[in-house]
>>> print(open('entry-v4.txt').read())   # compact mmCIF, C-alpha atoms
# COMPACT_ATOMS: atom_id res chain seq x y z
CA MET A 805 87.84 166.14 114.86
CA PHE A 806 88.51 165.11 111.31
CA MET A 807 92.28 165.46 111.74
CA LEU A 808 92.26 163.47 114.97
CA SER A 809 90.27 160.70 113.35
CA LEU A 810 92.63 160.56 110.37
CA GLN A 811 95.73 160.37 112.57
CA PHE A 812 94.19 157.58 114.63
CA SER A 813 93.42 155.48 111.54
CA LEU A 814 97.03 155.77 110.33
CA CYS A 815 98.57 155.07 113.70
CA PRO A 816 98.74 151.26 113.41
CA PHE A 817 100.84 151.48 110.22
CA HIS A 818 103.26 153.98 111.70
CA HIS A 819 103.86 152.49 115.13
CA PHE A 820 103.54 148.74 114.67
CA ARG A 821 105.40 148.15 111.44
CA MET A 822 108.23 145.64 112.05
CA ALA A 823 111.21 144.39 110.08
CA LEU A 824 110.54 141.40 107.84
CA HIS A 825 113.21 139.34 109.59
CA GLY A 826 111.63 139.97 112.98
CA ILE A 827 108.17 138.94 111.81
CA LEU A 828 109.27 135.72 110.12
CA GLY A 829 111.92 134.75 112.65
CA ALA A 830 110.15 135.30 115.99
CA LYS A 831 107.76 132.80 117.53
CA PRO A 832 104.42 134.43 118.50
CA GLU A 833 104.08 134.94 122.25
CA PHE A 834 100.34 134.25 122.37
CA PRO A 835 97.65 132.34 120.39
CA ASN A 836 95.67 134.03 117.61
CA TYR A 837 98.61 136.33 116.98
CA LYS A 838 98.00 138.86 114.22
CA PRO A 839 101.23 140.10 112.64
CA PRO A 840 101.58 143.86 112.18
CA PRO A 841 101.37 145.69 108.85
CA LEU A 842 104.39 145.02 106.67
CA HIS A 843 106.03 147.56 104.35
CA ILE A 844 107.64 145.71 101.43
CA TYR A 845 109.21 146.13 98.00
CA VAL A 846 108.51 143.65 95.18
CA VAL A 847 111.86 142.44 93.84
CA ALA A 848 110.54 139.98 91.24
CA VAL A 849 107.47 138.01 90.20
CA GLN A 850 107.57 134.63 88.47
CA ASP A 851 104.88 132.28 87.18
CA GLN A 852 104.39 129.03 89.07
CA PRO A 853 101.72 126.97 87.29
CA LYS A 854 100.22 124.26 89.46
CA VAL A 855 98.22 121.21 88.41
CA LEU A 856 95.29 120.70 90.78
CA SER A 857 94.06 117.41 89.33
CA TRP A 858 95.30 114.69 86.99
CA ASP A 859 93.56 112.49 84.42
CA PHE A 860 94.95 108.95 84.46
CA SER A 861 94.89 106.20 81.85
CA SER A 862 96.31 102.68 82.20
CA SER A 863 99.91 103.82 81.61
CA ASP A 864 99.85 107.59 81.40
CA ALA A 865 98.63 110.78 83.05
CA LYS A 866 97.66 114.19 81.76
CA PRO A 867 97.19 117.45 83.62
CA GLY A 868 93.57 118.21 84.41
CA ARG A 869 92.64 121.44 86.16
CA LYS A 870 95.43 124.02 86.43
CA ILE A 871 95.96 127.36 88.14
CA ASN A 872 98.67 129.90 87.42
CA ASN A 873 100.07 131.00 90.77
CA LYS A 874 102.93 133.46 91.14
CA ILE A 875 106.07 133.47 93.24
CA VAL A 876 106.62 136.98 94.60
CA ILE A 877 110.03 137.96 95.99
CA LEU A 878 109.68 140.60 98.72
CA SER A 879 112.13 142.81 100.62
CA ASP A 880 111.82 145.40 103.37
CA GLY A 881 115.23 146.84 102.49
CA GLN A 882 117.03 144.61 104.99
CA THR A 883 116.23 141.03 104.01
CA VAL A 884 114.33 139.08 101.34
CA THR A 885 111.74 136.31 101.32
CA LYS A 886 109.39 134.67 98.86
CA MET A 887 105.64 134.25 98.93
CA THR A 888 103.23 132.21 96.82
CA VAL A 889 100.32 134.28 95.53
CA TYR A 890 97.19 132.78 93.97
CA GLU A 891 96.36 133.89 90.46
CA ASN A 892 93.38 136.02 91.53
CA GLN A 893 95.69 138.10 93.77
CA ALA A 894 98.80 138.17 91.57
CA CYS A 895 97.81 141.34 89.70
CA LYS A 896 98.23 143.32 92.93
CA PHE A 897 102.02 142.89 92.89
CA ILE A 898 104.17 144.70 90.31
CA PRO A 899 107.98 144.32 90.32
CA GLY A 900 109.69 147.53 91.43
CA SER A 901 106.68 148.75 93.41
CA SER A 902 106.26 149.14 97.18
CA TYR A 903 103.25 148.10 99.24
CA ILE A 904 101.93 147.79 102.77
CA LEU A 905 100.38 144.41 103.62
CA ARG A 906 97.73 144.14 106.28
CA GLY A 907 95.77 141.08 107.38
CA TYR A 908 98.23 138.43 106.16
CA ILE A 909 99.03 135.33 108.20
CA LEU A 910 102.14 133.31 109.02
CA LYS A 911 102.34 129.60 108.22
CA GLY A 912 104.75 127.00 109.53
CA GLU A 913 105.33 125.12 112.75
CA SER A 914 108.48 127.02 113.68
CA PRO A 915 110.55 129.99 112.47
CA PRO A 916 111.26 131.06 109.84
CA TYR A 917 107.56 131.30 108.98
CA HIS A 918 106.04 131.80 105.53
CA LEU A 919 104.01 134.84 104.54
CA THR A 920 100.56 133.85 103.31
CA LEU A 921 97.78 136.01 101.94
CA THR A 922 94.12 135.38 102.73
CA ARG A 923 90.90 136.73 101.28
CA ASP A 924 90.99 139.36 104.04
CA THR A 925 94.51 140.58 103.24
CA GLN A 926 94.68 144.23 102.24
CA VAL A 927 97.37 145.45 99.85
CA PHE A 928 98.01 149.22 99.97
CA ARG A 929 100.35 151.11 97.69
CA GLY A 930 103.09 152.47 99.94
CA ALA A 931 106.07 154.79 100.01
CA SER A 932 108.97 153.68 97.84
CA ILE A 933 111.60 151.44 99.43
CA THR A 934 115.15 151.44 98.09
CA ILE A 935 117.03 148.13 98.09
CA ASN A 936 120.62 147.39 97.11
CA ASP A 937 122.01 145.03 94.47
CA VAL A 938 122.95 142.42 97.06
CA LEU A 939 119.31 141.99 98.11
CA ILE A 940 118.21 141.88 94.48
CA LYS A 941 120.65 139.03 93.79
CA GLU A 942 119.50 137.20 96.93
CA GLY A 943 115.93 137.53 95.76
CA GLU A 944 116.71 136.23 92.29
CA ALA A 945 118.47 133.25 93.87
CA LEU A 946 115.25 132.37 95.71
CA LEU A 947 113.50 131.95 92.35
CA GLN A 948 116.06 129.38 91.15
CA PRO A 949 118.17 127.94 93.97
CA THR A 950 121.63 126.59 93.24
CA SER A 951 121.77 122.89 92.38
CA VAL A 952 125.20 121.31 92.83
CA LEU A 953 126.45 118.93 90.12
CA THR A 954 127.08 115.78 92.17
CA PRO A 955 128.76 112.49 91.14
CA LEU A 956 126.44 109.53 91.70
CA ALA A 957 128.89 108.07 94.21
CA GLU A 958 128.47 111.15 96.43
CA VAL A 959 124.71 111.75 96.42
CA SER A 960 124.18 110.14 99.85
CA GLY A 961 126.19 112.90 101.52
CA GLN A 962 124.53 115.81 99.75
CA ARG A 963 121.95 117.78 101.75
CA ASP A 964 121.35 120.64 99.31
CA PHE A 965 119.75 120.51 95.88
CA MET A 966 121.78 118.30 93.57
CA THR A 967 122.11 117.81 89.82
CA ILE A 968 123.12 114.42 88.45
CA LYS A 969 124.01 113.01 85.04
CA GLY A 970 123.92 109.48 83.69
CA GLU A 971 122.47 106.92 81.31
CA VAL A 972 118.85 105.82 81.73
CA ILE A 973 118.99 102.06 82.28
CA GLU A 974 115.50 101.63 83.76
CA VAL A 975 112.36 103.70 83.34
CA SER A 976 108.84 102.89 84.48
CA SER A 977 105.50 103.91 83.10
CA VAL A 978 103.59 106.62 84.96
CA LYS A 979 101.95 105.34 88.15
CA LYS A 980 98.98 106.70 90.06
CA VAL A 981 99.85 107.38 93.70
CA LEU A 982 97.51 108.58 96.42
CA PHE A 983 98.93 111.46 98.45
CA GLY A 984 96.34 112.03 101.14
CA LYS A 985 93.11 112.33 99.15
CA GLU A 986 94.92 113.54 96.04
CA ALA A 987 95.99 111.26 93.17
CA ILE A 988 99.29 112.33 91.63
CA PRO A 989 101.61 110.77 89.01
CA LEU A 990 104.94 109.13 89.80
CA ARG A 991 107.60 107.77 87.48
CA ASN A 992 110.67 105.84 88.59
CA LEU A 993 113.94 105.63 86.72
CA THR A 994 117.49 104.52 87.30
CA LEU A 995 120.56 106.36 86.04
CA ARG A 996 124.00 104.82 85.72
CA LYS A 997 127.39 106.46 85.37
CA ASP A 998 130.79 104.84 85.92
CA LYS A 999 129.06 101.66 87.17
CA ILE A 1000 127.26 103.61 89.93
CA ARG A 1001 123.45 103.60 89.93
CA ALA A 1002 120.95 106.08 91.34
CA SER A 1003 117.19 105.63 91.78
CA ILE A 1004 115.06 108.68 91.03
CA CYS A 1005 111.39 109.39 91.77
CA LEU A 1006 109.84 111.94 89.42
CA TRP A 1007 106.64 113.42 90.83
CA GLN A 1008 103.82 115.32 89.16
CA GLU A 1009 104.99 117.61 86.32
CA ALA A 1010 108.50 116.11 86.33
CA SER A 1011 107.03 112.68 85.54
CA MET A 1012 105.71 114.03 82.21
CA ALA A 1013 109.20 114.44 80.71
CA ASP A 1014 110.08 112.48 77.57
CA ILE A 1015 112.56 109.87 78.83
CA GLN A 1016 113.92 107.13 76.60
CA LEU A 1017 115.76 104.01 77.68
CA GLY A 1018 119.46 104.40 76.86
CA SER A 1019 119.37 108.19 76.71
CA HIS A 1020 121.74 110.29 78.77
CA MET A 1021 120.03 112.78 81.07
CA ARG A 1022 120.91 115.73 83.27
CA ILE A 1023 118.38 116.08 86.12
CA SER A 1024 118.53 119.10 88.42
CA HIS A 1025 117.26 120.10 91.87
CA LEU A 1026 116.88 116.65 93.39
CA LYS A 1027 116.69 115.90 97.10
CA GLY A 1028 117.81 112.65 98.71
CA LYS A 1029 115.40 110.66 100.87
CA HIS A 1030 116.01 107.36 102.66
CA SER A 1031 113.25 104.75 102.63
CA GLY A 1032 112.81 101.00 102.86
CA TYR A 1033 114.13 100.85 99.30
CA GLY A 1034 117.35 102.66 100.25
CA LEU A 1035 118.34 106.14 99.14
CA GLN A 1036 116.06 107.60 96.48
CA LEU A 1037 116.43 110.97 94.81
CA GLN A 1038 113.16 112.91 94.71
CA SER A 1039 112.18 115.59 92.22
CA THR A 1040 111.14 119.02 93.52
CA ASN A 1041 109.25 122.02 92.16
CA TYR A 1042 112.53 123.26 90.67
CA THR A 1043 113.53 120.03 88.91
CA THR A 1044 114.38 120.18 85.21
CA LEU A 1045 115.30 117.30 82.90
CA GLU A 1046 117.59 117.69 79.91
CA GLU A 1047 118.74 115.04 77.47
CA ILE A 1048 122.48 115.06 76.80
CA ASN A 1049 123.18 114.38 73.14
CA THR A 1050 125.62 111.48 72.86
CA SER A 1051 124.45 110.15 69.48
CA GLU A 1052 127.10 109.46 66.86
CA GLU A 1053 127.19 107.86 63.41
CA ASN A 1054 129.09 104.60 63.03
CA ALA A 1055 129.68 101.97 60.34
CA ASP A 1056 129.91 98.32 61.38
CA ASP A 1057 129.04 94.72 60.43
CA VAL A 1058 126.03 93.09 62.04
CA VAL A 1059 126.88 89.38 62.41
CA GLY A 1060 124.12 88.20 64.74
CA VAL A 1061 120.93 89.09 66.54
CA MET A 1062 119.18 87.83 69.68
CA ASP A 1063 116.13 88.72 71.74
CA SER A 1064 116.65 91.42 74.35
CA GLU A 1065 115.56 91.30 77.98
CA THR A 1066 113.93 94.67 77.35
CA PRO A 1067 110.47 94.19 75.77
CA GLY A 1068 110.29 95.45 72.19
CA PHE A 1069 114.07 95.39 71.60
CA VAL A 1070 116.61 92.95 70.14
CA ASN A 1071 120.38 92.82 70.66
CA LEU A 1072 122.71 93.09 67.69
CA LEU A 1073 126.10 91.40 67.66
CA LEU A 1074 128.71 94.11 67.10
CA ALA A 1075 129.08 95.72 70.44
CA VAL A 1076 126.26 94.65 72.78
CA VAL A 1077 123.63 97.24 71.93
CA SER A 1078 119.83 97.32 71.67
CA ILE A 1079 117.49 98.59 68.98
CA ASP A 1080 113.74 99.01 68.68
CA HIS A 1081 112.38 95.80 67.13
CA SER A 1082 110.45 97.66 64.42
CA LYS A 1083 113.63 99.41 63.26
CA TRP A 1084 115.47 96.11 62.94
CA ASP A 1085 112.72 94.16 61.11
CA PRO A 1086 113.72 95.34 57.57
CA PHE A 1087 117.22 93.85 58.06
CA GLU A 1088 116.13 90.48 59.45
CA VAL A 1089 115.85 88.78 56.04
CA GLN A 1090 119.14 90.28 54.85
CA LEU A 1091 120.96 88.79 57.84
CA SER A 1092 120.09 85.23 56.73
CA ASN A 1093 122.30 85.80 53.67
CA GLY A 1094 125.32 86.99 55.66
CA PRO A 1095 126.55 90.04 57.60
CA VAL A 1096 124.56 93.23 57.00
CA ARG A 1097 126.53 96.43 56.40
CA VAL A 1098 124.72 99.34 58.08
CA MET A 1099 125.11 102.93 59.24
CA TYR A 1100 123.59 103.81 62.58
CA LYS A 1101 123.25 106.42 65.28
CA ARG A 1102 123.86 105.31 68.82
CA SER A 1103 122.99 106.83 72.19
CA GLY A 1104 124.67 104.92 75.00
CA ASN A 1105 123.87 101.25 74.42
CA VAL A 1106 120.78 101.92 72.29
CA ILE A 1107 120.74 102.37 68.49
CA THR A 1108 118.38 105.23 67.71
CA ASP A 1109 118.56 105.11 63.88
CA ILE A 1110 119.81 102.57 61.33
CA TYR A 1111 119.96 102.25 57.53
CA SER A 1112 121.71 100.13 54.88
CA LEU A 1113 124.93 101.11 53.16
>>> encode(input="entry-v4.txt", output="structure tokens")
Amino acid sequence: MFMLSLQFSLCPFHHFRMALHGILGAKPEFPNYKPPPLHIYVVAVQDQPKVLSWDFSSSDAKPGRKINNKIVILSDGQTVTKMTVYENQACKFIPGSSYILRGYILKGESPPYHLTLTRDTQVFRGASITINDVLIKEGEALLQPTSVLTPLAEVSGQRDFMTIKGEVIEVSSVKKVLFGKEAIPLRNLTLRKDKIRASICLWQEASMADIQLGSHMRISHLKGKHSGYGLQLQSTNYTTLEEINTSEENADDVVGVMDSETPGFVNLLLAVVSIDHSKWDPFEVQLSNGPVRVMYKRSGNVITDIYSL
């Protein structure tokens, strides 16, 4: 009797286990469908911190409550997929180990669906699965998808993730935006390169980046979205921002100065460039006696540092 009982309890795992592709790619034939146990191999695990709430001031935002979720890349030896795992479940998944999942659910309105764990999900250590290098590379690509370097003139035709480069000519303060019942930060900026402009919306963590007017930036993993304001490039969970160093030292004569349209800056008459007002103040009196000989560092059309010769 004991042997019969043991065989019966193992039967569901042996007879109803399906391929990962079949589970994620097939639409359930009836409501309340419960997917069968899934035998998987953990290809990789990566941190995915998530901000659950934000603290806003008049012109800024700071992360409030955070959780440290994980992205788990899974394979059944035939295909790969990724799954988000909450921090209290993440310790159950070790790269290079094999498991059998039972009691998970599928999310999404249509195939391919997304594997999702619940509090009732059971994670059993299982027999080892061998996967090839091709699947490992596919899994690693899911952690950091390719982002195509795209000229600003061509962003409207790009459907995949895109990376753009250009000079920051407009940048807003952080705004508070309601997304459903959740308040999240948004920052808008405009990049320009070769007289072409692109509008970018930086959401949540991406909005916290240090962005200076006149700096040159490389922004990755953007997606285009059309709205009443035209085409806008939206940040994603994969977006990174990197300043491109274009500063250089120059010697020149300052022969005039005028107020800038940008608050807090003045324009110097050499080439048309801008400088922070506080950095120019020490030279204001000197200019009344004639041209001021200076050394300076310049990034785009903004002087970032200046001193007398």
>>> closest_atom_pairs(input="entry-v4.txt", of="stretch 928-1038 of chain A", to="stretch 1045-1064 of chain A", cutoff="6 Å", atoms="all atoms listed in the file", output="CSV")
residue,atom,partner,partner_atom,distance
A:His1020,CA,A:Ile1048,CA,5.2
A:Met1021,CA,A:Glu1047,CA,4.4
A:Arg1022,CA,A:Glu1046,CA,5.1
A:Ile1023,CA,A:Leu1045,CA,4.6
>>> residues_around(input="entry-v4.txt", residues="A:Pro955", least_positions_apart="6", cutoff="12 Å", atoms="all atoms listed in the file", output="VMD selection string")
chain A and resid 961 to 962 966 to 970 995 to 1002 1022
>>> residues_around(input="entry-v4.txt", residues="A:Ser960", least_positions_apart="4", cutoff="12 Å", atoms="all atoms listed in the file", output="ChimeraX atom specification")
/A:954-956,964-966,1001-1003,1026-1030,1034-1037
>>> closest_residue(input="entry-v4.txt", among="A:Ile909, A:Leu982, A:Val884, A:Ile827", to="A:Gly943", atoms="all atoms listed in the file")
A:Val884
>>> closest_residue(input="entry-v4.txt", among="A:Ser1031, A:Ser1078, A:Thr920, A:Asn836", to="A:Lys1101", atoms="all atoms listed in the file")
A:Ser1078
>>> atom_distance(input="entry-v4.txt", atom1="atom CA of A:Thr925", atom2="atom CA of A:Gly907")
4.4 Å
>>> residues_around(input="entry-v4.txt", residues="A:Gln1008", least_positions_apart="5", cutoff="9 Å", atoms="all atoms listed in the file", output="list in words")
Val855, Trp858, Pro867, Ile988, Pro989, Leu990, Arg991 and Ser1039 of chain A
>>> closest_residue(input="entry-v4.txt", among="A:Ile1004, A:Ile935, A:Leu1017, A:Ile1110", to="A:Glu971", atoms="only C-alpha atoms")
A:Leu1017
>>> closest_residue(input="entry-v4.txt", among="A:Gln1090, A:Asn992, A:Ser902, A:Gln852", to="A:Ile1015", atoms="all atoms listed in the file")
A:Asn992
>>> atom_distance(input="entry-v4.txt", atom1="atom CA of A:Ala1010", atom2="atom CA of A:Glu974")
16.3 Å
>>> residues_around(input="entry-v4.txt", residues="A:Ile1079", least_positions_apart="6", cutoff="6 Å", atoms="all atoms listed in the file", output="list in words")
Phe1069, Val1070, Val1106 and Ile1107 of chain A
